[in-house]
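Visitor: To be precise about what I am sending: the file is called query.txt and holds compact mmCIF, C-alpha atoms.
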```
# COMPACT_ATOMS: atom_id res chain seq x y z
CA MET J 1 -17.97 16.30 5.22
CA LYS J 2 -16.87 13.20 3.32
CA THR J 3 -17.57 10.00 5.25
CA TYR J 4 -15.93 6.57 5.13
CA THR J 5 -17.46 3.15 5.68
CA ASN J 6 -15.85 0.41 7.70
CA THR J 7 -16.29 -2.69 5.53
CA GLY J 8 -15.42 -4.93 8.46
CA ASN J 9 -12.64 -5.07 11.04
CA LYS J 10 -9.53 -6.88 9.80
CA ASP J 11 -5.98 -7.09 11.10
CA THR J 12 -3.33 -5.26 9.12
CA ARG J 13 -0.87 -8.16 9.40
CA SER J 14 -3.26 -10.20 7.25
CA GLY J 15 -3.03 -7.46 4.62
CA PHE J 16 0.72 -8.03 4.61
CA GLY J 17 0.22 -11.77 4.25
CA ALA J 18 -2.15 -11.31 1.33
CA GLY J 19 0.22 -8.90 -0.40
CA LEU J 20 3.20 -11.18 0.11
CA GLU J 21 1.33 -14.15 -1.36
CA GLU J 22 0.35 -12.10 -4.41
CA LEU J 23 3.97 -11.03 -4.86
CA GLY J 24 5.01 -14.65 -4.70
CA LYS J 25 2.94 -15.33 -7.79
CA LYS J 26 4.02 -12.20 -9.66
CA ASN J 27 7.73 -11.87 -8.92
CA GLU J 28 10.04 -14.86 -8.72
CA ASN J 29 12.77 -12.71 -7.15
CA VAL J 30 10.68 -12.13 -4.02
CA VAL J 31 11.85 -14.30 -1.11
CA ALA J 32 10.59 -14.38 2.47
CA LEU J 33 12.43 -14.94 5.73
CA CYS J 34 10.80 -15.38 9.13
CA ALA J 35 12.14 -15.61 12.67
CA ASP J 36 9.91 -18.39 14.04
CA LEU J 37 6.64 -16.40 13.74
CA THR J 38 5.23 -17.56 10.42
CA GLY J 39 1.63 -17.76 11.66
CA SER J 40 1.77 -14.48 13.55
CA LEU J 41 3.10 -12.68 10.46
CA LYS J 42 0.53 -14.40 8.19
CA MET J 43 3.29 -15.77 5.96
CA ASP J 44 1.75 -19.25 5.84
CA ALA J 45 0.36 -18.97 2.31
CA PHE J 46 3.68 -17.83 0.87
CA LYS J 47 5.45 -20.66 2.67
CA ALA J 48 2.95 -23.27 1.42
CA ASN J 49 2.94 -22.12 -2.20
CA HIS J 50 6.57 -21.07 -2.59
CA PRO J 51 8.54 -23.30 -0.20
CA GLU J 52 11.75 -22.95 -2.22
CA ARG J 53 11.65 -19.17 -1.58
CA PHE J 54 10.76 -19.29 2.11
CA PHE J 55 13.42 -19.44 4.82
CA GLN J 56 12.59 -20.17 8.44
CA VAL J 57 15.62 -18.92 10.34
CA GLY J 58 14.32 -19.59 13.86
CA ILE J 59 14.76 -17.20 16.76
CA ALA J 60 17.81 -15.61 15.16
CA GLU J 61 16.72 -12.17 14.01
CA ALA J 62 20.23 -10.77 13.53
CA ASN J 63 21.11 -13.71 11.32
CA MET J 64 17.90 -13.15 9.35
CA ILE J 65 18.87 -9.55 8.53
CA GLY J 66 22.36 -10.64 7.49
CA MET J 67 20.96 -13.38 5.25
CA ALA J 68 18.51 -10.93 3.67
CA ALA J 69 21.26 -8.42 2.94
CA GLY J 70 23.32 -11.13 1.27
CA MET J 71 20.41 -12.30 -0.87
CA THR J 72 20.05 -8.87 -2.45
CA ILE J 73 23.51 -9.23 -4.00
CA GLY J 74 22.11 -12.07 -6.11
CA GLY J 75 19.16 -9.97 -7.24
CA LYS J 76 16.60 -11.28 -4.75
CA ILE J 77 14.06 -9.06 -3.02
CA PRO J 78 13.93 -10.32 0.58
CA PHE J 79 10.97 -9.64 2.89
CA THR J 80 11.84 -10.29 6.53
CA GLY J 81 9.11 -10.89 9.09
CA THR J 82 8.90 -10.77 12.87
CA PHE J 83 7.46 -8.57 15.64
CA ALA J 84 8.33 -4.86 15.39
CA ASN J 85 10.36 -4.97 18.59
CA PHE J 86 12.54 -7.77 17.24
CA SER J 87 12.60 -6.27 13.72
CA THR J 88 14.22 -3.05 14.94
CA GLY J 89 15.50 -2.82 18.50
CA ARG J 90 17.00 -6.28 18.65
CA VAL J 91 18.77 -6.01 15.28
CA TYR J 92 19.50 -2.30 14.92
CA ASP J 93 23.23 -2.83 14.45
CA GLN J 94 22.68 -5.38 11.66
CA ILE J 95 20.16 -3.13 9.90
CA ARG J 96 22.47 -0.13 10.14
CA GLN J 97 25.65 -1.88 9.06
CA SER J 98 24.45 -4.55 6.62
CA VAL J 99 21.34 -2.95 5.10
CA ALA J 100 21.15 0.85 5.40
CA TYR J 101 24.86 1.66 5.08
CA SER J 102 25.12 -0.04 1.70
CA GLY J 103 21.54 0.63 0.58
CA LYS J 104 20.57 -3.02 0.33
CA ASN J 105 17.14 -3.77 -1.15
CA VAL J 106 15.73 -5.41 2.01
CA LYS J 107 12.09 -5.03 3.06
CA ILE J 108 11.87 -5.15 6.86
CA CYS J 109 8.25 -6.06 7.60
CA ALA J 110 7.18 -5.66 11.21
CA SER J 111 3.97 -6.78 12.86
CA HIS J 112 2.64 -6.33 16.42
CA ALA J 113 3.87 -2.71 16.55
CA GLY J 114 2.91 -0.23 19.25
CA ILE J 115 0.90 -0.99 22.38
CA THR J 116 -1.89 -2.83 20.52
CA LEU J 117 0.23 -5.95 20.77
CA GLY J 118 -1.68 -6.01 24.03
CA GLU J 119 -1.33 -8.66 26.69
CA ASP J 120 2.29 -9.59 25.87
CA GLY J 121 3.30 -6.38 27.63
CA ALA J 122 6.10 -3.85 27.46
CA THR J 123 8.92 -6.27 26.62
CA HIS J 124 7.23 -7.17 23.33
CA GLN J 125 5.63 -3.81 22.55
CA ILE J 126 7.67 -1.07 20.91
CA LEU J 127 6.92 2.64 20.77
CA GLU J 128 10.24 3.92 19.43
CA ASP J 129 10.69 1.91 16.22
CA ILE J 130 9.65 4.67 13.81
CA GLY J 131 12.28 6.94 15.35
CA LEU J 132 14.95 4.26 15.10
CA MET J 133 14.20 3.56 11.46
CA LYS J 134 13.62 7.09 10.17
CA MET J 135 17.04 8.21 11.42
CA LEU J 136 18.82 5.70 9.19
CA PRO J 137 20.00 7.36 5.97
CA GLY J 138 18.15 6.06 2.92
CA MET J 139 15.54 4.10 4.89
CA THR J 140 11.93 4.44 3.75
CA VAL J 141 9.45 4.20 6.66
CA ILE J 142 5.81 3.20 6.08
CA ASN J 143 3.04 2.80 8.68
CA THR J 144 -0.27 1.62 7.19
CA CYS J 145 -3.78 2.21 8.54
CA ASP J 146 -5.87 -0.82 7.52
CA TYR J 147 -5.90 -4.20 5.76
CA ASN J 148 -6.36 -2.83 2.24
CA GLN J 149 -3.62 -0.24 2.56
CA THR J 150 -1.19 -2.74 4.08
CA LYS J 151 -1.72 -5.13 1.17
CA ALA J 152 -1.22 -2.28 -1.31
CA ALA J 153 1.93 -1.10 0.48
CA THR J 154 3.39 -4.62 0.49
CA LEU J 155 2.97 -4.79 -3.28
CA ALA J 156 4.39 -1.29 -3.77
CA ILE J 157 7.58 -1.72 -1.78
CA ALA J 158 8.64 -4.67 -3.95
CA ASP J 159 9.04 -2.19 -6.83
CA HIS J 160 10.95 0.32 -4.69
CA ASP J 161 14.72 0.06 -4.95
CA GLY J 162 16.21 0.39 -1.49
CA PRO J 163 15.62 -0.54 2.15
CA VAL J 164 12.10 -0.21 3.55
CA TYR J 165 10.61 -0.50 7.03
CA LEU J 166 6.94 -1.52 6.80
CA ARG J 167 5.06 -1.32 10.11
CA PHE J 168 1.66 -2.91 10.81
CA GLY J 169 -0.26 -4.49 13.66
CA ARG J 170 -2.00 -7.38 15.34
CA PRO J 171 -5.55 -6.27 16.29
CA LYS J 172 -8.54 -6.16 13.99
CA VAL J 173 -9.23 -2.55 13.05
CA ALA J 174 -11.58 -0.74 10.69
CA ASN J 175 -10.97 -1.51 7.01
CA PHE J 176 -12.05 1.57 5.08
CA THR J 177 -9.58 2.44 2.32
CA PRO J 178 -10.37 1.32 -1.26
CA GLU J 179 -9.79 -2.30 -2.16
CA ASN J 180 -6.93 -2.64 -4.65
CA GLY J 181 -6.20 1.07 -4.26
CA GLU J 182 -2.98 2.59 -5.56
CA PHE J 183 -0.24 3.09 -2.99
CA LYS J 184 2.22 5.91 -3.69
CA ILE J 185 5.24 5.91 -1.42
CA GLY J 186 5.78 9.38 0.05
CA LYS J 187 2.38 10.74 -0.99
CA ALA J 188 -0.06 11.78 1.74
CA VAL J 189 -3.77 11.07 1.31
CA GLU J 190 -6.30 13.78 2.15
CA LEU J 191 -9.35 11.96 3.54
CA THR J 192 -11.56 14.89 4.50
CA GLU J 193 -11.34 18.58 3.68
CA GLY J 194 -11.63 21.17 6.45
CA ASN J 195 -10.84 24.76 7.37
CA ASP J 196 -10.40 24.94 11.15
CA VAL J 197 -7.86 22.26 12.10
CA THR J 198 -5.63 19.73 10.34
CA ILE J 199 -5.44 16.23 11.82
CA ILE J 200 -2.40 14.35 10.53
CA ALA J 201 -2.61 10.69 11.49
CA THR J 202 -0.79 7.45 10.77
CA GLY J 203 -1.43 3.74 11.31
CA HIS J 204 -4.25 2.69 13.64
CA LEU J 205 -4.94 6.33 14.54
CA VAL J 206 -6.20 7.24 11.04
CA TRP J 207 -9.65 5.71 11.62
CA GLU J 208 -9.74 7.34 15.06
CA ALA J 209 -8.96 10.66 13.37
CA LEU J 210 -11.93 10.21 11.03
CA GLU J 211 -14.19 9.46 13.99
CA ALA J 212 -12.84 12.52 15.77
CA ALA J 213 -13.53 14.66 12.70
CA LYS J 214 -17.21 13.65 12.86
CA THR J 215 -17.45 14.72 16.50
CA LEU J 216 -15.65 17.99 15.80
CA ASN J 217 -17.93 18.71 12.85
CA GLU J 218 -20.96 18.33 15.12
CA ALA J 219 -19.34 20.89 17.43
CA GLY J 220 -18.88 23.33 14.56
CA ILE J 221 -15.16 22.65 14.01
CA SER J 222 -14.23 21.75 10.43
CA ALA J 223 -11.40 19.18 10.48
CA GLU J 224 -9.14 18.24 7.60
CA VAL J 225 -7.85 14.67 8.00
CA ILE J 226 -4.64 13.59 6.29
CA ASN J 227 -3.38 10.00 6.24
CA ILE J 228 0.40 10.01 6.40
CA HIS J 229 1.21 6.40 5.57
CA THR J 230 4.81 7.23 4.64
CA ILE J 231 6.67 8.89 7.47
CA LYS J 232 9.90 8.98 5.49
CA PRO J 233 10.05 10.47 2.92
CA LEU J 234 7.45 12.81 4.40
CA ASP J 235 5.01 14.66 2.15
CA ALA J 236 6.02 18.11 3.34
CA ASN J 237 4.06 19.92 0.65
CA ALA J 238 0.75 18.40 1.77
CA ILE J 239 1.46 19.26 5.41
CA ILE J 240 2.47 22.85 4.68
CA ALA J 241 -0.50 23.53 2.39
CA SER J 242 -3.01 22.24 4.92
CA ALA J 243 -1.40 24.02 7.87
CA LYS J 244 -1.42 27.34 6.04
CA LYS J 245 -5.15 26.89 5.44
CA THR J 246 -6.29 25.75 8.90
CA ARG J 247 -3.55 27.43 11.00
CA SER J 248 -3.65 24.62 13.59
CA VAL J 249 -2.41 21.02 13.53
CA VAL J 250 -2.90 17.81 15.51
CA THR J 251 -0.76 14.73 14.92
CA ALA J 252 -1.90 11.26 15.99
CA GLU J 253 0.18 8.10 16.18
CA GLU J 254 0.63 4.87 18.15
CA HIS J 255 4.22 5.75 19.01
CA ASN J 256 6.23 7.86 21.40
CA TYR J 257 5.85 11.57 20.65
CA MET J 258 9.65 11.73 20.68
CA GLY J 259 11.00 10.56 17.35
CA GLY J 260 7.67 9.82 15.70
CA LEU J 261 5.36 11.40 13.14
CA GLY J 262 4.59 14.41 15.33
CA GLU J 263 8.22 15.35 15.65
CA SER J 264 8.72 15.11 11.87
CA VAL J 265 5.65 17.27 11.22
CA ALA J 266 6.78 19.83 13.81
CA ARG J 267 10.15 20.13 12.06
CA VAL J 268 8.49 20.74 8.69
CA LEU J 269 6.19 23.37 10.16
CA SER J 270 8.91 25.17 12.11
CA GLU J 271 11.00 25.47 8.97
CA ASN J 272 8.24 26.44 6.55
CA ALA J 273 5.00 27.51 8.23
CA PRO J 274 5.15 27.95 12.02
CA THR J 275 1.82 26.64 13.32
CA PRO J 276 0.36 25.67 16.72
CA ILE J 277 0.57 21.87 17.08
CA GLU J 278 -0.64 19.25 19.55
CA MET J 279 0.60 15.66 19.50
CA VAL J 280 -1.55 12.64 20.35
CA ALA J 281 1.01 9.94 21.15
CA THR J 282 2.52 8.12 24.11
CA GLN J 283 4.35 10.45 26.46
CA ASP J 284 7.86 9.05 26.84
CA THR J 285 6.72 5.81 28.46
CA PHE J 286 6.82 2.07 27.99
CA GLY J 287 3.57 0.16 27.57
CA GLU J 288 2.10 -2.54 29.79
CA SER J 289 -0.10 -5.61 29.63
CA GLY J 290 -3.76 -5.17 28.73
CA THR J 291 -6.20 -5.52 25.87
CA PRO J 292 -5.53 -3.25 22.88
CA ALA J 293 -8.69 -1.25 23.61
CA GLN J 294 -7.79 -0.79 27.28
CA LEU J 295 -4.28 0.38 26.43
CA MET J 296 -5.37 2.78 23.69
CA GLU J 297 -7.79 4.38 26.14
CA LYS J 298 -5.30 4.54 29.03
CA TYR J 299 -2.56 6.09 26.91
CA GLY J 300 -4.91 8.51 25.17
CA LEU J 301 -4.67 7.11 21.66
CA ASN J 302 -8.25 7.35 20.43
CA ALA J 303 -10.84 9.63 18.87
CA GLU J 304 -11.69 11.26 22.21
CA ALA J 305 -8.05 12.28 22.74
CA ILE J 306 -7.84 13.67 19.21
CA VAL J 307 -10.99 15.75 19.78
CA LYS J 308 -9.52 17.23 22.97
CA ALA J 309 -6.24 18.02 21.24
CA ALA J 310 -8.05 19.63 18.30
CA LYS J 311 -10.12 21.90 20.54
CA LYS J 312 -7.00 22.85 22.49
CA VAL J 313 -4.96 23.72 19.40
CA VAL J 314 -7.80 25.68 17.77
CA ALA J 315 -7.96 27.81 20.92
CA ARG J 316 -4.25 28.53 20.54
CA LYS J 317 -4.58 30.20 17.12
```
If you took the structure in this file and wrote it as structure tokens, what would it be?
Guide:
Amino acid sequence: MKTYTNTGNKDTRSGFGAGLEELGKKNENVVALCADLTGSLKMDAFKANHPERFFQVGIAEANMIGMAAGMTIGGKIPFTGTFANFSTGRVYDQIRQSVAYSGKNVKICASHAGITLGEDGATHQILEDIGLMKMLPGMTVINTCDYNQTKAATLAIADHDGPVYLRFGRPKVANFTPENGEFKIGKAVELTEGNDVTIIATGHLVWEALEAAKTLNEAGISAEVINIHTIKPLDANAIIASAKKTRSVVTAEEHNYMGGLGESVARVLSENAPTPIEMVATQDTFGESGTPAQLMEKYGLNAEAIVKAAKKVVARK
């Protein structure tokens, strides 16, 4: 089984910051807007080096989205930054009406997604943002797994014409994808090849899926791990091909099972290749205060939970 090396834990939001700074040097049309969270979104370098293209709007997220939509009319490529909860739930009407409806070229960049925001608790955590964003016509939805992939995705979405929701996080997690790797929007990445079960993971759960695959391999279960970094448009062909081979599927995500990756995968399978499926995700609940590690364990979002789900779904074949 192919193995991956963690080159050192790094937070995915810093990957966004690094990508944004590189874009600032490469593309003079890139502008950045932030809702009073410049440090938290790692937008400091862009602000320092391109102050004429940085706009601090304060705690006024709806206004930020409206400003960004307007800037696209003049040919700018706006990147907005705040916490995922405030990037989606608080400003859903503005995104729907001012961005998605008219296909504005706004990049909605959201940090501190899921429960790994941690101690700030349920009011700041969000576990329904992927569902909110993927239901908007024309919206591309991306959820990256590590620092390197987040940087690559940030660079890639600047070249994509149309609205994008880019989701990343606060905690330091394993950094294992190639440095300066190519990021193809809508193209799944097969990480390990297997025959007994397909594990389709996104975001912080991709590394956990790889760890689970090791444990399953030791138990004689060959797991195929697929990194779905783009939830919309979804790489249906990769999902169908793998499911037909293994005949059992597990999805893993730091999101509510309703409206997330698992639901999208289940739809693809039901329409094209009916397959037993188990979903590792939060079960229609809000989060709570705690360390990221404590919350991931409590809500069953880790390698151990993926192993259990894999064994259960294999038994259902």
Visitor: Set out as JSON lines a contact list for segment 86-124 of chain J and segment 30-43 of chain J with a cut-off of 12 Å, giving each residue of segment 86-124 of chain J that qualifies its closest atom pair and distance in Å to one decimal, counting all atoms listed in the file, ordered by chain and rising residue number.
Guide:
```
{"residue": "J:Phe86", "atom": "CA", "partner": "J:Ala35", "partner_atom": "CA", "distance": 9.1}
{"residue": "J:Ser87", "atom": "CA", "partner": "J:Ala35", "partner_atom": "CA", "distance": 9.4}
{"residue": "J:Val91", "atom": "CA", "partner": "J:Ala35", "partner_atom": "CA", "distance": 12.0}
{"residue": "J:Asn105", "atom": "CA", "partner": "J:Val30", "partner_atom": "CA", "distance": 10.9}
{"residue": "J:Val106", "atom": "CA", "partner": "J:Val31", "partner_atom": "CA", "distance": 10.2}
{"residue": "J:Lys107", "atom": "CA", "partner": "J:Ala32", "partner_atom": "CA", "distance": 9.5}
{"residue": "J:Ile108", "atom": "CA", "partner": "J:Leu33", "partner_atom": "CA", "distance": 9.9}
{"residue": "J:Cys109", "atom": "CA", "partner": "J:Leu41", "partner_atom": "CA", "distance": 8.9}
{"residue": "J:Ala110", "atom": "CA", "partner": "J:Leu41", "partner_atom": "CA", "distance": 8.2}
{"residue": "J:Ser111", "atom": "CA", "partner": "J:Leu41", "partner_atom": "CA", "distance": 6.4}
{"residue": "J:His112", "atom": "CA", "partner": "J:Ser40", "partner_atom": "CA", "distance": 8.7}
{"residue": "J:Ala113", "atom": "CA", "partner": "J:Leu41", "partner_atom": "CA", "distance": 11.7}
{"residue": "J:Leu117", "atom": "CA", "partner": "J:Ser40", "partner_atom": "CA", "distance": 11.3}
```
Visitor: Point out the residue among J:His124, J:Arg96, J:Lys76, J:Lys10 with the least atom-to-atom distance to Met139 of chain J, counting only C-alpha atoms.
Guide: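 Of J:His124, J:Arg96, J:Lys76, J:Lys10, the one nearest Met139 of chain J is J:Arg96, counting only C-alpha atoms.
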Visitor: Just the number, please: distance in Å from atom CA of Ile239 of chain J to atom CA of Phe183 of chain J, one decimal.
Guide: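 Separation of atom CA of Ile239 of chain J and atom CA of Phe183 of chain J: 18.3 Å.
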Visitor: Please provide as an mmCIF file with C-alpha atoms, in the frame of the given file all residues within 7 Å of Thr192 of chain J, with the sequence filter that same-chain residues fewer than 6 positions apart are discarded (counting all atoms listed in the file).
Guide:
```cif
data_model
loop_
_atom_site.group_PDB
_atom_site.id
_atom_site.type_symbol
_atom_site.label_atom_id
_atom_site.label_comp_id
_atom_site.auth_asym_id
_atom_site.auth_seq_id
_atom_site.Cartn_x
_atom_site.Cartn_y
_atom_site.Cartn_z
ATOM 1 C CA MET J 1 -17.970 16.300 5.220
ATOM 2 C CA LYS J 2 -16.870 13.200 3.320
ATOM 3 C CA GLU J 224 -9.140 18.240 7.600
ATOM 4 C CA VAL J 225 -7.850 14.670 8.000
#
```
Visitor: By how many Å are atom CA of Val280 of chain J and atom CA of Lys312 of chain J apart?
Guide: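 Computing the Euclidean distance for atom CA of Val280 of chain J and atom CA of Lys312 of chain J yields 11.8 Å.
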Visitor: For the point (11.7, -1.2, 2.0) in file coordinates, what residues are within 10 Å, counting only C-alpha atoms? Give the answer as a compact mmCIF listing (two decimals) with C-alpha atoms, in the frame of the given file?
Guide:
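Listing of part-v9.txt after writing:
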```
# COMPACT_ATOMS: atom_id res chain seq x y z
CA ILE J 77 14.06 -9.06 -3.02
CA PRO J 78 13.93 -10.32 0.58
CA PHE J 79 10.97 -9.64 2.89
CA LYS J 104 20.57 -3.02 0.33
CA ASN J 105 17.14 -3.77 -1.15
CA VAL J 106 15.73 -5.41 2.01
CA LYS J 107 12.09 -5.03 3.06
CA ILE J 108 11.87 -5.15 6.86
CA CYS J 109 8.25 -6.06 7.60
CA GLY J 138 18.15 6.06 2.92
CA MET J 139 15.54 4.10 4.89
CA THR J 140 11.93 4.44 3.75
CA VAL J 141 9.45 4.20 6.66
CA ILE J 142 5.81 3.20 6.08
CA ALA J 153 1.93 -1.10 0.48
CA THR J 154 3.39 -4.62 0.49
CA ALA J 156 4.39 -1.29 -3.77
CA ILE J 157 7.58 -1.72 -1.78
CA ALA J 158 8.64 -4.67 -3.95
CA ASP J 159 9.04 -2.19 -6.83
CA HIS J 160 10.95 0.32 -4.69
CA ASP J 161 14.72 0.06 -4.95
CA GLY J 162 16.21 0.39 -1.49
CA PRO J 163 15.62 -0.54 2.15
CA VAL J 164 12.10 -0.21 3.55
CA TYR J 165 10.61 -0.50 7.03
CA LEU J 166 6.94 -1.52 6.80
```
Visitor: Any idea what the distance is between atom CA of Tyr92 of chain J and atom CA of Pro233 of chain J?
Guide: 19.9 Å
Visitor: For segment 206-210 of chain J, work out the shell of residues within 7 Å, counting only C-alpha atoms and skipping chain neighbours fewer than 5 positions away, then give it as a list in words.
Guide: Cys145, Ala174, Ile199, Ala201, Val225, Asn227, Asn302, Ala303 and Ile306 of chain J
Visitor: Compare J:Glu190, J:Glu263, J:Glu254, J:Glu211 by their minimum atom-to-atom distance to Ala238 of chain J, counting all atoms listed in the file, and give me the closest one.
Guide: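 Of the candidates, the smallest distance to Ala238 of chain J is held by J:Glu190.
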Visitor: Can you work out which one of J:Ala213, J:Ala293, J:Ile126, J:Ala100 has the shortest atom-to-atom distance to Phe83 of chain J, counting all atoms listed in the file?
Guide: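 Distance minimum relative to Phe83 of chain J lands on J:Ile126.
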Visitor: Under the rule that only C-alpha atoms are counted, which of J:Val250, J:Ile200, J:Ala309, J:Ala84 is the nearest residue to Gly114 of chain J?
Guide: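 For Gly114 of chain J, the nearest of the candidates is J:Ala84.
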Visitor: Point out the residue among J:Gly290, J:Gly194, J:Gly24, J:Gly8 with the least atom-to-atom distance to Ser222 of chain J, counting all atoms listed in the file.
Guide: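 Distance minimum relative to Ser222 of chain J lands on J:Gly194.
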Visitor: Which one is closest to Ala273 of chain J: J:Thr251, J:Met296, J:Ala69, J:Ile240? Count only C-alpha atoms.
Guide: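 Counting only C-alpha atoms, the residue closest to Ala273 of chain J is J:Ile240.
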Visitor: Quick one: residues within 8 Å of Asp11 of chain J, all atoms listed in the file, excluding same-chain residues fewer than 6 positions away - as a ChimeraX atom specification?
Guide: /J:146-147,169-173
Visitor: Could you write out as AutoDock Vina command-line options the box around segment 127-132 of chain J (axis-aligned, all atoms listed in the file, 8 Å on each side), with centre and edge lengths in Å to one decimal?
Guide:
```
--center_x 10.9 --center_y 4.4 --center_z 17.3 --size_x 24.0 --size_y 21.0 --size_z 23.0
```
Visitor: Fewer than 2 positions away in the same chain doesn't count, so skip those; otherwise give me all residues within 12 Å of Lys311 of chain J, counting only C-alpha atoms, as an MDAnalysis selection string.
Guide: chainID J and resid 196:199 212:213 215:217 219:223 248:250 276:278 304:309 313:317
